$ cat protein.txt   # compact mmCIF, C-alpha atoms
# COMPACT_ATOMS: atom_id res chain seq x y z
CA MET A 1 -5.82 -18.59 5.49
CA ASP A 2 -2.54 -20.13 4.44
CA PHE A 3 0.58 -18.07 3.84
CA THR A 4 2.69 -21.07 2.83
CA PRO A 5 4.18 -20.18 -0.58
CA THR A 6 3.30 -22.38 -3.51
CA GLU A 7 6.09 -24.18 -5.32
CA GLU A 8 6.11 -21.46 -7.96
CA GLN A 9 6.23 -18.65 -5.38
CA ALA A 10 9.01 -20.34 -3.39
CA ALA A 11 11.03 -20.98 -6.55
CA ALA A 12 10.67 -17.36 -7.68
CA GLN A 13 11.73 -16.09 -4.25
CA GLU A 14 14.73 -18.42 -4.16
CA LEU A 15 15.84 -17.35 -7.62
CA ALA A 16 15.40 -13.67 -6.74
CA ALA A 17 17.40 -14.12 -3.54
CA ARG A 18 20.25 -15.69 -5.50
CA ILE A 19 20.34 -12.96 -8.17
CA PHE A 20 20.03 -10.09 -5.69
CA GLY A 21 22.61 -11.68 -3.41
CA ASP A 22 25.11 -12.15 -6.24
CA LEU A 23 24.72 -8.76 -7.92
CA ALA A 24 23.40 -6.26 -5.36
CA THR A 25 26.67 -6.11 -3.47
CA HIS A 26 27.88 -3.15 -1.43
CA GLU A 27 30.55 -2.38 -4.01
CA ARG A 28 28.12 -2.37 -6.94
CA LEU A 29 25.56 -0.31 -5.04
CA THR A 30 28.23 2.22 -4.15
CA ALA A 31 29.31 2.44 -7.79
CA ALA A 32 25.70 2.92 -8.95
CA GLY A 33 25.21 5.97 -6.73
CA THR A 34 21.61 7.07 -7.15
CA ASP A 35 21.15 5.33 -10.49
CA THR A 36 19.65 1.95 -11.31
CA ASP A 37 21.91 -1.06 -11.77
CA ALA A 38 21.22 -1.83 -15.42
CA GLU A 39 23.06 -5.17 -15.32
CA LEU A 40 21.00 -6.36 -12.35
CA TRP A 41 17.77 -5.31 -14.06
CA LYS A 42 18.77 -7.27 -17.17
CA ALA A 43 19.57 -10.33 -15.06
CA LEU A 44 16.19 -10.21 -13.31
CA CYS A 45 14.35 -9.88 -16.62
CA ALA A 46 16.42 -12.59 -18.30
CA ALA A 47 15.46 -14.91 -15.44
CA GLY A 48 11.79 -14.16 -16.13
CA LEU A 49 11.04 -12.78 -12.67
CA PRO A 50 8.79 -9.87 -13.74
CA GLY A 51 6.69 -12.30 -15.77
CA ALA A 52 6.63 -14.75 -12.87
CA VAL A 53 4.77 -12.17 -10.77
CA GLU A 54 1.85 -12.43 -13.18
CA GLU A 55 1.58 -16.11 -12.26
CA THR A 56 2.41 -15.91 -8.55
CA GLY A 57 0.21 -12.90 -7.77
CA LEU A 58 0.68 -10.13 -5.26
CA LEU A 59 1.92 -12.54 -2.59
CA GLY A 60 4.58 -13.69 -5.03
CA LEU A 61 5.58 -10.06 -5.59
CA VAL A 62 5.76 -9.45 -1.83
CA LEU A 63 8.12 -12.42 -1.46
CA ILE A 64 10.41 -11.14 -4.22
CA ALA A 65 10.17 -7.56 -2.93
CA GLU A 66 11.46 -8.84 0.42
CA GLU A 67 14.60 -10.06 -1.33
CA GLN A 68 15.02 -6.73 -3.10
CA GLY A 69 14.67 -4.89 0.21
CA ARG A 70 17.04 -7.26 1.99
CA THR A 71 19.82 -6.14 -0.36
CA THR A 72 18.46 -2.62 -1.11
CA ALA A 73 18.86 -3.48 -4.79
CA GLN A 74 18.53 -0.41 -6.98
CA VAL A 75 16.13 -1.60 -9.66
CA PRO A 76 12.51 -0.61 -10.41
CA PHE A 77 11.31 -4.18 -9.89
CA THR A 78 8.62 -3.70 -7.23
CA ALA A 79 7.38 -0.45 -8.77
CA SER A 80 7.07 -1.78 -12.32
CA CYS A 81 5.38 -4.99 -11.22
CA VAL A 82 2.73 -3.36 -9.04
CA TYR A 83 2.06 -0.21 -11.09
CA GLY A 84 2.55 -1.86 -14.45
CA LEU A 85 2.22 -5.62 -14.74
CA LEU A 86 -0.36 -6.27 -12.02
CA ALA A 87 -2.31 -3.08 -12.74
CA VAL A 88 -2.62 -3.84 -16.45
CA ALA A 89 -3.31 -7.54 -15.88
CA ARG A 90 -6.11 -6.77 -13.43
CA HIS A 91 -7.61 -3.58 -14.87
CA GLY A 92 -6.54 -3.37 -18.51
CA THR A 93 -8.73 -4.24 -21.45
CA GLU A 94 -7.96 -7.34 -23.49
CA GLU A 95 -6.31 -5.16 -26.13
CA GLN A 96 -4.19 -3.36 -23.51
CA ARG A 97 -3.09 -6.63 -21.95
CA GLU A 98 -2.06 -8.07 -25.31
CA ARG A 99 -0.15 -4.91 -26.19
CA LEU A 100 1.47 -3.99 -22.86
CA LEU A 101 2.06 -7.18 -20.92
CA PRO A 102 4.80 -8.68 -23.17
CA GLY A 103 7.02 -5.62 -22.61
CA LEU A 104 6.28 -5.61 -18.89
CA ARG A 105 7.18 -9.27 -18.65
CA ASP A 106 10.55 -8.92 -20.38
CA GLY A 107 11.44 -5.58 -18.79
CA THR A 108 11.54 -3.48 -21.96
CA THR A 109 8.54 -1.56 -20.61
CA VAL A 110 9.02 -0.08 -17.14
CA VAL A 111 6.12 1.56 -15.32
CA THR A 112 6.18 3.60 -12.14
CA GLY A 113 3.35 5.23 -10.25
CA ALA A 114 2.73 8.87 -9.35
CA PHE A 115 0.71 8.14 -6.22
CA PRO A 116 -1.16 9.73 -4.62
CA THR A 117 -1.78 12.41 -7.24
CA SER A 118 -5.50 13.26 -7.11
CA GLY A 119 -5.94 16.99 -7.48
CA HIS A 120 -2.49 17.51 -8.99
CA VAL A 121 -3.25 16.27 -12.51
CA ARG A 122 -6.18 17.59 -14.55
CA ALA A 123 -7.70 15.97 -17.62
CA ALA A 124 -9.20 18.07 -20.43
CA GLY A 125 -12.13 17.02 -22.56
CA ASP A 126 -9.83 15.66 -25.26
CA GLY A 127 -8.00 13.50 -22.71
CA SER A 128 -4.88 15.65 -22.52
CA LEU A 129 -3.31 15.98 -19.07
CA THR A 130 -1.78 18.95 -17.31
CA GLY A 131 -0.21 19.28 -13.89
CA ALA A 132 2.87 18.28 -11.95
CA VAL A 133 3.89 15.69 -9.38
CA GLU A 134 6.86 16.83 -7.33
CA TRP A 135 8.55 13.45 -7.01
CA VAL A 136 7.94 10.04 -8.51
CA PRO A 137 10.20 7.08 -7.60
CA TRP A 138 12.06 5.36 -10.45
CA LEU A 139 10.73 7.94 -12.91
CA ARG A 140 14.14 8.33 -14.56
CA ASP A 141 14.02 4.64 -15.52
CA ALA A 142 10.38 4.45 -16.57
CA THR A 143 8.98 4.26 -20.08
CA HIS A 144 5.49 4.95 -18.68
CA VAL A 145 4.04 6.48 -15.53
CA LEU A 146 0.65 5.66 -14.03
CA VAL A 147 -1.10 8.80 -12.80
CA ALA A 148 -4.51 9.52 -11.35
CA ASP A 149 -6.32 12.64 -12.53
CA GLU A 150 -8.38 14.91 -10.29
CA ASP A 151 -11.40 12.62 -10.74
CA GLY A 152 -9.42 9.54 -9.67
CA ALA A 153 -9.22 8.00 -13.14
CA LEU A 154 -6.00 6.10 -13.84
CA ARG A 155 -4.07 7.02 -16.97
CA LEU A 156 -0.91 5.44 -18.33
CA VAL A 157 1.33 8.15 -19.79
CA PRO A 158 4.50 7.56 -21.86
CA THR A 159 7.32 9.45 -20.17
CA ALA A 160 8.45 10.59 -23.62
CA GLU A 161 5.40 12.88 -23.65
CA ALA A 162 6.23 14.40 -20.24
CA ALA A 163 8.96 16.55 -18.80
CA VAL A 164 11.13 14.73 -16.27
CA ALA A 165 13.62 16.51 -14.01
CA PRO A 166 15.90 14.50 -11.70
CA VAL A 167 15.07 14.65 -7.99
CA GLU A 168 17.12 13.19 -5.15
CA LEU A 169 15.20 11.45 -2.39
CA THR A 170 16.32 10.06 0.96
CA ALA A 171 16.72 6.69 -0.76
CA PRO A 172 18.47 6.47 -4.17
CA TRP A 173 15.38 5.57 -6.18
CA ALA A 174 16.19 7.30 -9.52
CA ALA A 175 13.31 9.68 -8.84
CA GLY A 176 12.13 12.61 -10.92
CA ARG A 177 9.69 15.51 -11.00
CA LEU A 178 6.87 14.88 -13.46
CA VAL A 179 5.39 17.74 -15.47
CA LEU A 180 2.47 17.10 -17.82
CA ASP A 181 1.61 19.77 -20.36
CA GLY A 182 -0.88 18.34 -22.82
CA ALA A 183 0.39 14.76 -22.60
CA HIS A 184 -2.07 12.03 -23.51
CA GLY A 185 -2.49 8.92 -21.41
CA GLU A 186 -4.68 5.92 -22.00
CA ARG A 187 -7.32 5.09 -19.41
CA ILE A 188 -6.64 2.01 -17.29
CA GLY A 189 -9.61 0.43 -15.53
CA GLY A 190 -12.80 1.90 -14.17
CA ALA A 191 -13.78 3.99 -11.19
CA ASP A 192 -12.38 1.56 -8.61
CA ALA A 193 -9.00 1.04 -10.31
CA ARG A 194 -7.13 3.77 -8.43
CA ALA A 195 -8.15 2.47 -5.01
CA GLU A 196 -7.24 -1.10 -5.93
CA VAL A 197 -3.85 -0.17 -7.37
CA LEU A 198 -3.07 1.97 -4.32
CA THR A 199 -4.04 -0.95 -2.09
CA ALA A 200 -1.76 -3.32 -4.02
CA ALA A 201 1.09 -0.79 -3.93
CA ARG A 202 0.82 -0.36 -0.18
CA ILE A 203 1.02 -4.14 0.29
CA ALA A 204 3.93 -4.57 -2.14
CA PHE A 205 5.99 -1.80 -0.56
CA ALA A 206 5.23 -3.19 2.90
CA GLY A 207 6.89 -6.38 1.66
CA LEU A 208 9.83 -4.30 0.45
CA GLN A 209 10.08 -2.71 3.91
CA ALA A 210 10.05 -6.15 5.55
CA GLY A 211 13.12 -7.02 3.50
CA VAL A 212 14.85 -3.72 4.28
CA CYS A 213 14.31 -4.33 7.99
CA ALA A 214 15.43 -7.96 7.82
CA GLY A 215 18.61 -6.90 6.06
CA SER A 216 19.31 -4.15 8.58
CA LEU A 217 18.78 -6.52 11.50
CA ALA A 218 20.97 -9.22 9.94
CA ARG A 219 23.81 -6.72 9.59
CA ALA A 220 23.36 -5.59 13.20
CA VAL A 221 23.41 -9.17 14.50
CA ALA A 222 26.55 -9.97 12.51
CA TYR A 223 28.30 -6.80 13.69
CA THR A 224 27.45 -7.12 17.39
CA SER A 225 28.48 -10.78 17.38
CA VAL A 226 32.10 -9.93 16.53
CA ARG A 227 32.49 -6.39 17.89
CA GLU A 228 33.94 -6.59 21.38
CA GLN A 229 33.72 -4.11 24.21
CA PHE A 230 35.48 -4.64 27.56
CA GLY A 231 36.50 -8.11 26.40
CA ARG A 232 33.02 -9.35 25.47
CA PRO A 233 31.05 -9.30 22.19
CA LEU A 234 28.34 -6.65 22.19
CA ALA A 235 25.78 -9.35 21.40
CA THR A 236 26.25 -10.84 24.88
CA ARG A 237 24.91 -7.73 26.57
CA GLN A 238 21.28 -7.74 27.61
CA ALA A 239 20.51 -4.24 26.32
CA VAL A 240 21.74 -5.20 22.85
CA GLN A 241 19.79 -8.46 22.90
CA LEU A 242 16.56 -6.73 23.91
CA ARG A 243 16.95 -4.04 21.24
CA ALA A 244 17.57 -6.69 18.58
CA ALA A 245 14.64 -8.78 19.83
CA ASP A 246 12.29 -5.81 19.58
CA ALA A 247 13.53 -5.16 16.03
CA TYR A 248 12.95 -8.81 15.14
CA MET A 249 9.36 -8.73 16.43
CA ASP A 250 8.68 -5.52 14.51
CA THR A 251 10.09 -7.05 11.33
CA GLU A 252 7.91 -10.14 11.72
CA ALA A 253 4.85 -7.95 12.26
CA ILE A 254 5.52 -6.13 9.00
CA ARG A 255 6.03 -9.42 7.19
CA VAL A 256 2.94 -11.24 8.47
CA THR A 257 0.57 -8.30 7.91
CA ALA A 258 1.92 -7.89 4.36
CA TYR A 259 1.47 -11.62 3.70
CA GLU A 260 -2.10 -11.57 5.01
CA ALA A 261 -3.06 -8.51 2.97
CA ALA A 262 -1.46 -9.95 -0.21
CA TRP A 263 -3.16 -13.32 0.29
CA ARG A 264 -6.56 -11.65 0.66
CA TYR A 265 -5.91 -9.53 -2.44
CA ASP A 266 -5.04 -12.60 -4.50
CA GLN A 267 -8.11 -14.44 -3.22
CA GLY A 268 -10.39 -11.54 -4.18
CA LEU A 269 -11.43 -11.00 -0.55
CA PRO A 270 -12.20 -7.59 1.02
CA GLY A 271 -8.95 -6.24 2.41
CA ALA A 272 -8.74 -2.45 2.42
CA GLU A 273 -8.18 -2.40 6.18
CA HIS A 274 -5.61 -5.20 5.93
CA ALA A 275 -3.60 -3.21 3.38
CA LEU A 276 -3.71 -0.14 5.63
CA THR A 277 -2.64 -2.26 8.59
CA ALA A 278 0.33 -3.65 6.66
CA ALA A 279 1.27 -0.17 5.48
CA TRP A 280 1.01 1.20 9.03
CA TRP A 281 3.31 -1.49 10.39
CA ALA A 282 5.73 -0.85 7.52
CA SER A 283 5.78 2.84 8.36
CA GLU A 284 5.86 2.82 12.16
CA ALA A 285 7.71 -0.42 12.89
CA GLY A 286 10.00 -0.04 9.88
CA LYS A 287 11.22 3.28 11.19
CA ARG A 288 12.03 1.71 14.57
CA VAL A 289 13.90 -1.22 13.05
CA VAL A 290 16.23 0.77 10.81
CA HIS A 291 16.98 3.17 13.65
CA ALA A 292 17.81 0.19 15.86
CA GLY A 293 20.00 -1.35 13.16
CA GLN A 294 22.02 1.83 12.85
CA HIS A 295 22.18 2.36 16.61
CA LEU A 296 23.46 -1.17 17.25
CA HIS A 297 26.38 -0.44 14.95
CA GLY A 298 27.51 2.31 17.31
CA GLY A 299 29.92 4.75 15.72
CA MET A 300 30.07 2.64 12.55
CA GLY A 301 26.36 3.29 12.03
CA ALA A 302 27.12 6.98 11.60
CA ASP A 303 29.42 6.25 8.68
CA LEU A 304 27.55 7.22 5.50
CA ASP A 305 29.57 4.66 3.53
CA HIS A 306 28.65 1.73 5.77
CA PRO A 307 26.13 -0.73 4.22
CA VAL A 308 23.71 -0.41 7.15
CA HIS A 309 23.24 3.27 6.39
CA ARG A 310 21.61 2.33 3.06
CA HIS A 311 18.99 0.32 4.94
CA PHE A 312 18.39 3.33 7.16
CA LEU A 313 17.80 5.57 4.13
CA TRP A 314 15.45 3.09 2.46
CA GLY A 315 13.54 2.49 5.68
CA ARG A 316 12.99 6.19 6.25
CA GLN A 317 11.87 6.71 2.64
CA LEU A 318 9.40 3.83 2.91
CA ASP A 319 8.19 5.23 6.23
CA ALA A 320 6.41 8.05 4.42
CA TYR A 321 5.85 6.56 0.97
CA LEU A 322 2.11 6.09 0.20
CA GLY A 323 1.20 7.57 3.57
CA CYS A 324 2.97 7.96 6.90
CA GLY A 325 1.77 6.18 10.02
CA THR A 326 -0.62 8.83 11.31
CA GLU A 327 -2.21 9.32 7.88
CA LEU A 328 -2.71 5.59 7.45
CA LEU A 329 -4.17 5.25 10.94
CA ALA A 330 -6.60 8.09 10.24
CA GLU A 331 -7.66 6.47 6.98
CA LEU A 332 -8.14 3.14 8.73
CA GLY A 333 -10.16 4.83 11.45
CA ASP A 334 -12.45 6.38 8.84
CA LEU A 335 -13.01 2.98 7.26
CA ILE A 336 -13.95 1.45 10.59
CA ALA A 337 -16.13 4.39 11.65
CA ASN A 338 -18.03 4.34 8.35
CA GLY A 339 -18.39 0.57 8.36
CA ASP A 340 -16.86 0.51 4.88
CA LEU A 341 -14.50 -2.43 5.35
CA SER A 342 -15.39 -4.04 2.04

$ encode --input "protein.txt" --output "structure tokens"
Amino acid sequence: MDFTPTEEQAAAQELAARIFGDLATHERLTAAGTDTDAELWKALCAAGLPGAVEETGLLGLVLIAEEQGRTTAQVPFTASCVYGLLAVARHGTEEQRERLLPGLRDGTTVVTGAFPTSGHVRAAGDGSLTGAVEWVPWLRDATHVLVADEDGALRLVPTAEAAVAPVELTAPWAAGRLVLDGAHGERIGGADARAEVLTAARIAFAGLQAGVCAGSLARAVAYTSVREQFGRPLATRQAVQLRAADAYMDTEAIRVTAYEAAWRYDQGLPGAEHALTAAWWASEAGKRVVHAGQHLHGGMGADLDHPVHRHFLWGRQLDAYLGCGTELLAELGDLIANGDLS
């Protein structure tokens, strides 16, 4: 396997890093509160980055998601690409791709995913949906939401046909409570679509967590290099160095497992266990890294207005999103025990 980005993937990541770095500043994030930065979303779409994911694949999305996580940029980029663009491109019919992909590429259509939702949404014989999902990230920004009914079938529902109530999460992800009362959604893909989209989502959000952790660690390194105690920078103390080194190794583990899982997905290779492994590292190691980042800031880390606290909130939200560590480990154990690694 080869995780070296292609020219297109490297160019997309570099462009994303520049846009996120220029616009996802602490001041702008503070002003946005829990809402999405509309100007940043427009800039990303004008640069063609959502459409680039269609060409660069899931690994390309992971690379861009890293840059989003590094700055904790408040836009539905990762969600819309994995639940919308990649899901439709891979599982949609030719008619659905022709109709939906142009809007997903230019950002006028925004899709989020209500995962996992099996058992919460019921489909009637006429295709109408009823049920509720207590929280869905980026739902307040979405034009459509991808839900799975009680039988595991994926359905794309316009949010205009649903009731959406704002919900505040640990991280400011413009979330909402979704209530379906007779809404109609079009079927996306066959019987295996839900499992494949969930797999892709776990990999993409592991990439997002890798960026969150890298950003947290970078802030901690910068802070401890200039903050002095007893006449010496904190970074010169062995305990600080060891804590930062452990955080670095955890971050690299999240990154490399996400890269491997994304590469296998793009190559069409079996990779359910690789996605679970990446998601487990994102959950367990991600939690350790953002705690370390906040701890290494000392008293400043307790300041809710300090930039590192935003990384802490995102890291803790991603810790449990799409399955916490113990749930993922149990699911991986079942796969291994049943010999169902394909």

$ closest_residue --input "protein.txt" --among "A:Glu196, A:Asp181, A:Asp126, A:Asp303" --to "Gly152 in chain A" --atoms "all atoms listed in the file"
A:Glu196

$ atom_distance --input "protein.txt" --atom1 "CA of Ile19 in chain A" --atom2 "CA of Cys213 in chain A"
19.3 Å

$ atom_distance --input "protein.txt" --atom1 "CA of Ala175 in chain A" --atom2 "CA of Thr30 in chain A"
17.3 Å

$ closest_residue --input "protein.txt" --among "A:Tyr321, A:Tyr248, A:Tyr265, A:Trp173" --to "Gly57 in chain A" --atoms "all atoms listed in the file"
A:Tyr265

$ atom_distance --input "protein.txt" --atom1 "CA of Pro116 in chain A" --atom2 "CA of Val308 in chain A"
29.3 Å

$ residues_around --input "protein.txt" --residues "Asp266 in chain A" --least-positions-apart "2" --cutoff "9 Å" --atoms "only C-alpha atoms" --output "list in words"
Gly57, Leu58, Leu59, Ala261, Ala262, Trp263, Arg264, Gly268 and Leu269 of chain A

$ closest_residue --input "protein.txt" --among "A:Ala201, A:Ala191, A:Leu63, A:Val145" --to "Ala272 in chain A" --atoms "all atoms listed in the file"
A:Ala201

$ residues_around --input "protein.txt" --residues "Gln9 in chain A" --least-positions-apart "5" --cutoff "12 Å" --atoms "only C-alpha atoms" --output "list in words"
Phe3, Thr4, Glu14, Leu15, Ala16, Leu49, Ala52, Val53, Glu54, Glu55, Thr56, Gly57, Leu58, Leu59, Gly60, Leu61, Val62, Leu63 and Ile64 of chain A

$ write_last_selection --input "protein.txt" --atoms "C-alpha atoms" --output "PDB file, in the coordinates of the input"
ATOM      1  CA  PHE A   3       0.580 -18.070   3.840  1.00  0.00           C
ATOM      2  CA  THR A   4       2.690 -21.070   2.830  1.00  0.00           C
ATOM      3  CA  GLU A  14      14.730 -18.420  -4.160  1.00  0.00           C
ATOM      4  CA  LEU A  15      15.840 -17.350  -7.620  1.00  0.00           C
ATOM      5  CA  ALA A  16      15.400 -13.670  -6.740  1.00  0.00           C
ATOM      6  CA  LEU A  49      11.040 -12.780 -12.670  1.00  0.00           C
ATOM      7  CA  ALA A  52       6.630 -14.750 -12.870  1.00  0.00           C
ATOM      8  CA  VAL A  53       4.770 -12.170 -10.770  1.00  0.00           C
ATOM      9  CA  GLU A  54       1.850 -12.430 -13.180  1.00  0.00           C
ATOM     10  CA  GLU A  55       1.580 -16.110 -12.260  1.00  0.00           C
ATOM     11  CA  THR A  56       2.410 -15.910  -8.550  1.00  0.00           C
ATOM     12  CA  GLY A  57       0.210 -12.900  -7.770  1.00  0.00           C
ATOM     13  CA  LEU A  58       0.680 -10.130  -5.260  1.00  0.00           C
ATOM     14  CA  LEU A  59       1.920 -12.540  -2.590  1.00  0.00           C
ATOM     15  CA  GLY A  60       4.580 -13.690  -5.030  1.00  0.00           C
ATOM     16  CA  LEU A  61       5.580 -10.060  -5.590  1.00  0.00           C
ATOM     17  CA  VAL A  62       5.760  -9.450  -1.830  1.00  0.00           C
ATOM     18  CA  LEU A  63       8.120 -12.420  -1.460  1.00  0.00           C
ATOM     19  CA  ILE A  64      10.410 -11.140  -4.220  1.00  0.00           C
TER      20      ILE A  64
END

$ residues_around --input "protein.txt" --residues "Ala210 in chain A" --least-positions-apart "3" --cutoff "6 Å" --atoms "all atoms listed in the file" --output "VMD selection string"
chain A and resid 66 207 213 251 254 to 255

$ residues_near_point --input "protein.txt" --point "(1.1, 3.4, -1.0)" --cutoff "12 Å" --atoms "all atoms listed in the file" --output "MDAnalysis selection string"
chainID A and resid 79 82:83 113:117 137 194:209 272 275:280 282:283 317:325 327:328

$ residues_near_point --input "protein.txt" --point "(16.9, -0.8, 14.3)" --cutoff "12 Å" --atoms "all atoms listed in the file" --output "PyMOL selection string"
chain A and resi 212-221+240-251+284-298+301+308-309+311-312+315-316

$ residues_around --input "protein.txt" --residues "range 92-95 of chain A" --least-positions-apart "2" --cutoff "12 Å" --atoms "all atoms listed in the file" --output "list in words"
Tyr83, Gly84, Leu85, Leu86, Ala87, Val88, Ala89, Arg90, Arg97, Glu98, Arg99, Leu100, Leu101, Leu154, Arg155, Leu156, Glu186, Arg187, Ile188, Gly189, Gly190, Ala193 and Val197 of chain A

$ closest_residue --input "protein.txt" --among "A:Ala10, A:Ala337, A:Val179, A:Ala148" --to "Ala160 in chain A" --atoms "all atoms listed in the file"
A:Val179

$ closest_residue --input "protein.txt" --among "A:His26, A:His306, A:Arg70, A:Arg177" --to "Leu139 in chain A" --atoms "only C-alpha atoms"
A:Arg177

$ residues_around --input "protein.txt" --residues "Leu44 in chain A" --least-positions-apart "4" --cutoff "12 Å" --atoms "all atoms listed in the file" --output "PyMOL selection string"
chain A and resi 12-13+15-24+37-40+48-53+64+68+73-78+105-108
